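Notes follow once the structure below has been shown.
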Amino acid sequence: ISKDQSINKYKKKILNIYKLDKVITNYSHGDFAKHNTIKNKKNNYVIDLEFFTKNRNYLYDFIFWHSVPILNYLFKLNNLVSISIIFNLVEVFLKYNLTKEKKSNTNNLRLYFSLFLFERILQLKTELKLKNINELLTKLNQKKNLKIINFYEKLLNYCLNKI
């Protein structure tokens, strides 16, 4: 995947745009979504930790939890609605939730959203290059992932060019 020209292009562009910004990192689940949680009367549990890391963008799980369900819906409108409208909807939604939950200052949200999109693209491309991908995903799901990668790339390009 490191030989993928688009990955290297995004990496260089992100480093060039945000070269002076510091990135706060923290522990991260990696694909923190409702299907990876269990709740009973007394406790909440997080399961399925194959993407866990100790050093990821500190808003990654927050962005994943709040934006992936919306992005999966907006992805279907990708060819009908301008990418700028989609990006602005997601940005406003994330800012609203960050403010509501008093999680963070929203000034550098674009940095963390850019890093989130970059890592999602990297993860999805890496997954599709697995030798046994046909055992893990149907051809239909592989095609869908390619379309999602394309959608995330449009969002990332828009985000990086907007700065």
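Every chain in the structure tokens takes a letter, A first, then B, and so on in the order presented; its residues are numbered from 1, and the ligands are numbered from 1 following the presented order.
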Report task. Give me every strand (DSSP E or B) residue in segment 1-158 of chain A, going by DSSP on the backbone, as a VMD selection string. Result -> chain A and resid 25 to 28 37 to 39 44 to 46 53 to 57
Based on the selection just made, write N, CA and C atoms of those residues as a short mmCIF file (atom, residue, chain, number, x, y, z; two decimals), in the first residue's frame.
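Saved file out-v1.cif follows:
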```cif
data_model
loop_
_atom_site.label_atom_id
_atom_site.label_comp_id
_atom_site.auth_asym_id
_atom_site.auth_seq_id
_atom_site.Cartn_x
_atom_site.Cartn_y
_atom_site.Cartn_z
N THR A 25 -2.81 12.67 20.12
CA THR A 25 -3.14 11.26 19.90
C THR A 25 -3.60 10.63 21.21
N ASN A 26 -4.24 9.48 21.08
CA ASN A 26 -4.74 8.77 22.24
C ASN A 26 -5.04 7.33 21.83
N TYR A 27 -5.46 6.53 22.81
CA TYR A 27 -5.90 5.18 22.52
C TYR A 27 -7.12 5.24 21.61
N SER A 28 -7.25 4.24 20.74
CA SER A 28 -8.37 4.27 19.81
C SER A 28 -8.82 2.86 19.45
N THR A 37 -20.41 -2.58 20.21
CA THR A 37 -20.69 -2.32 21.62
C THR A 37 -21.80 -3.26 22.10
N ILE A 38 -21.76 -3.56 23.38
CA ILE A 38 -22.79 -4.36 24.03
C ILE A 38 -23.18 -3.63 25.31
N LYS A 39 -24.46 -3.55 25.56
CA LYS A 39 -24.94 -2.86 26.75
C LYS A 39 -25.92 -3.77 27.47
N ASN A 44 -21.55 -1.20 30.07
CA ASN A 44 -21.34 -1.06 28.63
C ASN A 44 -20.02 -1.74 28.29
N TYR A 45 -19.99 -2.44 27.16
CA TYR A 45 -18.79 -3.14 26.74
C TYR A 45 -18.44 -2.76 25.31
N VAL A 46 -17.14 -2.70 25.05
CA VAL A 46 -16.65 -2.48 23.70
C VAL A 46 -15.97 -3.77 23.28
N THR A 53 -5.33 0.77 18.59
CA THR A 53 -3.96 1.26 18.65
C THR A 53 -3.84 2.25 19.80
N LYS A 54 -2.63 2.42 20.28
CA LYS A 54 -2.37 3.36 21.38
C LYS A 54 -2.06 4.76 20.89
N ASN A 55 -1.93 4.94 19.58
CA ASN A 55 -1.42 6.22 19.08
C ASN A 55 -2.14 6.64 17.80
N ARG A 56 -3.38 7.12 17.94
CA ARG A 56 -4.16 7.56 16.78
C ARG A 56 -4.76 8.93 17.11
N ASN A 57 -5.06 9.69 16.10
CA ASN A 57 -5.76 10.96 16.21
C ASN A 57 -6.83 10.83 17.29
#
```
Report task. Tell me, as a ChimeraX atom specification, which residues lie within 8 Å of Leu71 of chain A, counting only C-alpha atoms; anything in the same chain fewer than 4 positions away does not count. Result -> /A:67,75,90
With a distance cut-off of 8 Å and only C-alpha atoms, select the neighbouring residues of segment 121-128 of chain A, excluding the residue or stretch itself and same-chain residues fewer than 5 positions from it, and output the selection as a compact mmCIF listing (two decimals) with N, CA, C and O atoms, in the first residue's frame.
```txt
# COMPACT_ATOMS: atom_id res chain seq x y z
N ILE A 1 0.83 -1.19 0.00
CA ILE A 1 0.00 0.00 0.00
C ILE A 1 0.87 1.25 0.00
O ILE A 1 0.48 2.29 -0.51
N ILE A 7 -2.04 7.46 -2.02
CA ILE A 7 -1.76 7.50 -0.58
C ILE A 7 -0.58 8.43 -0.32
O ILE A 7 -0.63 9.29 0.56
N ILE A 133 -8.88 -11.74 0.16
CA ILE A 133 -10.02 -10.82 0.20
C ILE A 133 -11.30 -11.48 -0.30
O ILE A 133 -12.39 -11.20 0.22
N GLN A 142 -16.72 -5.70 -2.24
CA GLN A 142 -15.46 -5.14 -2.70
C GLN A 142 -15.70 -3.94 -3.60
O GLN A 142 -15.04 -2.91 -3.48
N ASN A 145 -16.81 -1.05 -1.48
CA ASN A 145 -15.66 -0.44 -0.79
C ASN A 145 -14.85 0.45 -1.73
O ASN A 145 -14.37 1.51 -1.32
N ILE A 149 -14.18 4.31 -1.03
CA ILE A 149 -12.84 4.90 -1.10
C ILE A 149 -12.86 6.13 -1.99
O ILE A 149 -12.35 7.19 -1.63
N TYR A 152 -14.59 8.93 -0.12
CA TYR A 152 -13.71 9.49 0.91
C TYR A 152 -12.59 10.33 0.29
O TYR A 152 -12.19 11.35 0.84
N GLU A 153 -12.09 9.89 -0.86
CA GLU A 153 -11.06 10.66 -1.55
C GLU A 153 -11.59 12.01 -2.01
O GLU A 153 -10.91 13.02 -1.91
```
Query raised in the report: Which neighbours of Phe118 of chain A fall inside 8 Å, counting only C-alpha atoms, when residues of the same chain fewer than 5 positions from it are skipped, and could you give them as an NGL selection string?
Result: :A and (7 or 10-11 or 156)
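Around Ala33 of chain A, within 9 Å and counting only C-alpha atoms, the residues found are Asp61, Phe64, Trp65, His66, Val68 and Pro69 of chain A, once anything fewer than 5 positions away on its own chain is removed.
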Report task. Extract the full set of helix (DSSP H, G or I) residues from segment 9-125 of chain A according to DSSP on the backbone, and format it as a ChimeraX atom specification. Result -> /A:9-17,34-36,60-77,83-100,109-125
Residues from last step as file, C-alpha atoms, as a PDB file, in the first residue's frame:
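Listing of out.pdb after writing:
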```pdb
ATOM      1  CA  LYS A   9       0.104  12.185  -2.588  1.00  0.00           C
ATOM      2  CA  TYR A  10      -2.376  12.628   0.300  1.00  0.00           C
ATOM      3  CA  LYS A  11       0.343  12.059   2.875  1.00  0.00           C
ATOM      4  CA  LYS A  12       2.551  14.765   1.336  1.00  0.00           C
ATOM      5  CA  LYS A  13      -0.346  17.178   0.982  1.00  0.00           C
ATOM      6  CA  ILE A  14      -1.480  16.675   4.592  1.00  0.00           C
ATOM      7  CA  LEU A  15       2.073  17.140   5.860  1.00  0.00           C
ATOM      8  CA  ASN A  16       2.519  20.252   3.734  1.00  0.00           C
ATOM      9  CA  ILE A  17      -0.765  21.868   4.792  1.00  0.00           C
ATOM     10  CA  LYS A  34     -22.746   0.603  17.622  1.00  0.00           C
ATOM     11  CA  HIS A  35     -22.224  -2.918  16.259  1.00  0.00           C
ATOM     12  CA  ASN A  36     -18.996  -3.068  18.313  1.00  0.00           C
ATOM     13  CA  TYR A  60     -10.798   9.303  15.396  1.00  0.00           C
ATOM     14  CA  ASP A  61     -13.288   7.193  17.376  1.00  0.00           C
ATOM     15  CA  PHE A  62     -15.552  10.190  17.944  1.00  0.00           C
ATOM     16  CA  ILE A  63     -15.552  10.983  14.218  1.00  0.00           C
ATOM     17  CA  PHE A  64     -16.067   7.313  13.342  1.00  0.00           C
ATOM     18  CA  TRP A  65     -19.015   6.939  15.744  1.00  0.00           C
ATOM     19  CA  HIS A  66     -20.744  10.118  14.600  1.00  0.00           C
ATOM     20  CA  SER A  67     -19.887  10.363  10.915  1.00  0.00           C
ATOM     21  CA  VAL A  68     -19.630   6.863   9.412  1.00  0.00           C
ATOM     22  CA  PRO A  69     -23.394   6.157   9.594  1.00  0.00           C
ATOM     23  CA  ILE A  70     -24.036   9.561   7.992  1.00  0.00           C
ATOM     24  CA  LEU A  71     -21.252   9.118   5.428  1.00  0.00           C
ATOM     25  CA  ASN A  72     -22.656   5.707   4.485  1.00  0.00           C
ATOM     26  CA  TYR A  73     -25.974   7.392   3.777  1.00  0.00           C
ATOM     27  CA  LEU A  74     -24.506  10.456   2.023  1.00  0.00           C
ATOM     28  CA  PHE A  75     -22.280   8.168  -0.062  1.00  0.00           C
ATOM     29  CA  LYS A  76     -25.455   7.035  -1.827  1.00  0.00           C
ATOM     30  CA  LEU A  77     -26.191  10.683  -2.730  1.00  0.00           C
ATOM     31  CA  ILE A  83     -19.293  17.179  -2.471  1.00  0.00           C
ATOM     32  CA  SER A  84     -19.060  20.661  -0.936  1.00  0.00           C
ATOM     33  CA  ILE A  85     -22.616  20.346   0.422  1.00  0.00           C
ATOM     34  CA  ILE A  86     -21.891  16.868   1.773  1.00  0.00           C
ATOM     35  CA  PHE A  87     -18.647  18.059   3.367  1.00  0.00           C
ATOM     36  CA  ASN A  88     -20.324  21.072   4.974  1.00  0.00           C
ATOM     37  CA  LEU A  89     -23.184  18.937   6.330  1.00  0.00           C
ATOM     38  CA  VAL A  90     -20.736  16.522   7.940  1.00  0.00           C
ATOM     39  CA  GLU A  91     -18.585  19.348   9.312  1.00  0.00           C
ATOM     40  CA  VAL A  92     -21.566  21.149  10.881  1.00  0.00           C
ATOM     41  CA  PHE A  93     -22.842  17.872  12.327  1.00  0.00           C
ATOM     42  CA  LEU A  94     -19.441  17.030  13.854  1.00  0.00           C
ATOM     43  CA  LYS A  95     -19.008  20.551  15.268  1.00  0.00           C
ATOM     44  CA  TYR A  96     -22.463  20.364  16.786  1.00  0.00           C
ATOM     45  CA  ASN A  97     -21.731  17.021  18.456  1.00  0.00           C
ATOM     46  CA  LEU A  98     -18.298  18.115  19.656  1.00  0.00           C
ATOM     47  CA  THR A  99     -19.807  21.236  21.212  1.00  0.00           C
ATOM     48  CA  LYS A 100     -22.774  19.328  22.657  1.00  0.00           C
ATOM     49  CA  LEU A 109     -11.534  19.836  13.324  1.00  0.00           C
ATOM     50  CA  ARG A 110     -10.443  19.872   9.669  1.00  0.00           C
ATOM     51  CA  LEU A 111      -7.010  18.542  10.619  1.00  0.00           C
ATOM     52  CA  TYR A 112      -8.548  15.634  12.529  1.00  0.00           C
ATOM     53  CA  PHE A 113     -11.201  15.008   9.889  1.00  0.00           C
ATOM     54  CA  SER A 114      -8.481  14.986   7.196  1.00  0.00           C
ATOM     55  CA  LEU A 115      -6.489  12.458   9.219  1.00  0.00           C
ATOM     56  CA  PHE A 116      -9.622  10.387   9.765  1.00  0.00           C
ATOM     57  CA  LEU A 117     -10.414  10.301   6.029  1.00  0.00           C
ATOM     58  CA  PHE A 118      -6.788   9.539   5.179  1.00  0.00           C
ATOM     59  CA  GLU A 119      -6.700   6.596   7.576  1.00  0.00           C
ATOM     60  CA  ARG A 120     -10.081   5.257   6.398  1.00  0.00           C
ATOM     61  CA  ILE A 121      -8.835   5.355   2.791  1.00  0.00           C
ATOM     62  CA  LEU A 122      -5.635   3.599   3.850  1.00  0.00           C
ATOM     63  CA  GLN A 123      -7.532   0.931   5.827  1.00  0.00           C
ATOM     64  CA  LEU A 124     -10.012   0.220   3.044  1.00  0.00           C
ATOM     65  CA  LYS A 125      -7.302   0.054   0.363  1.00  0.00           C
TER      66      LYS A 125
END
```
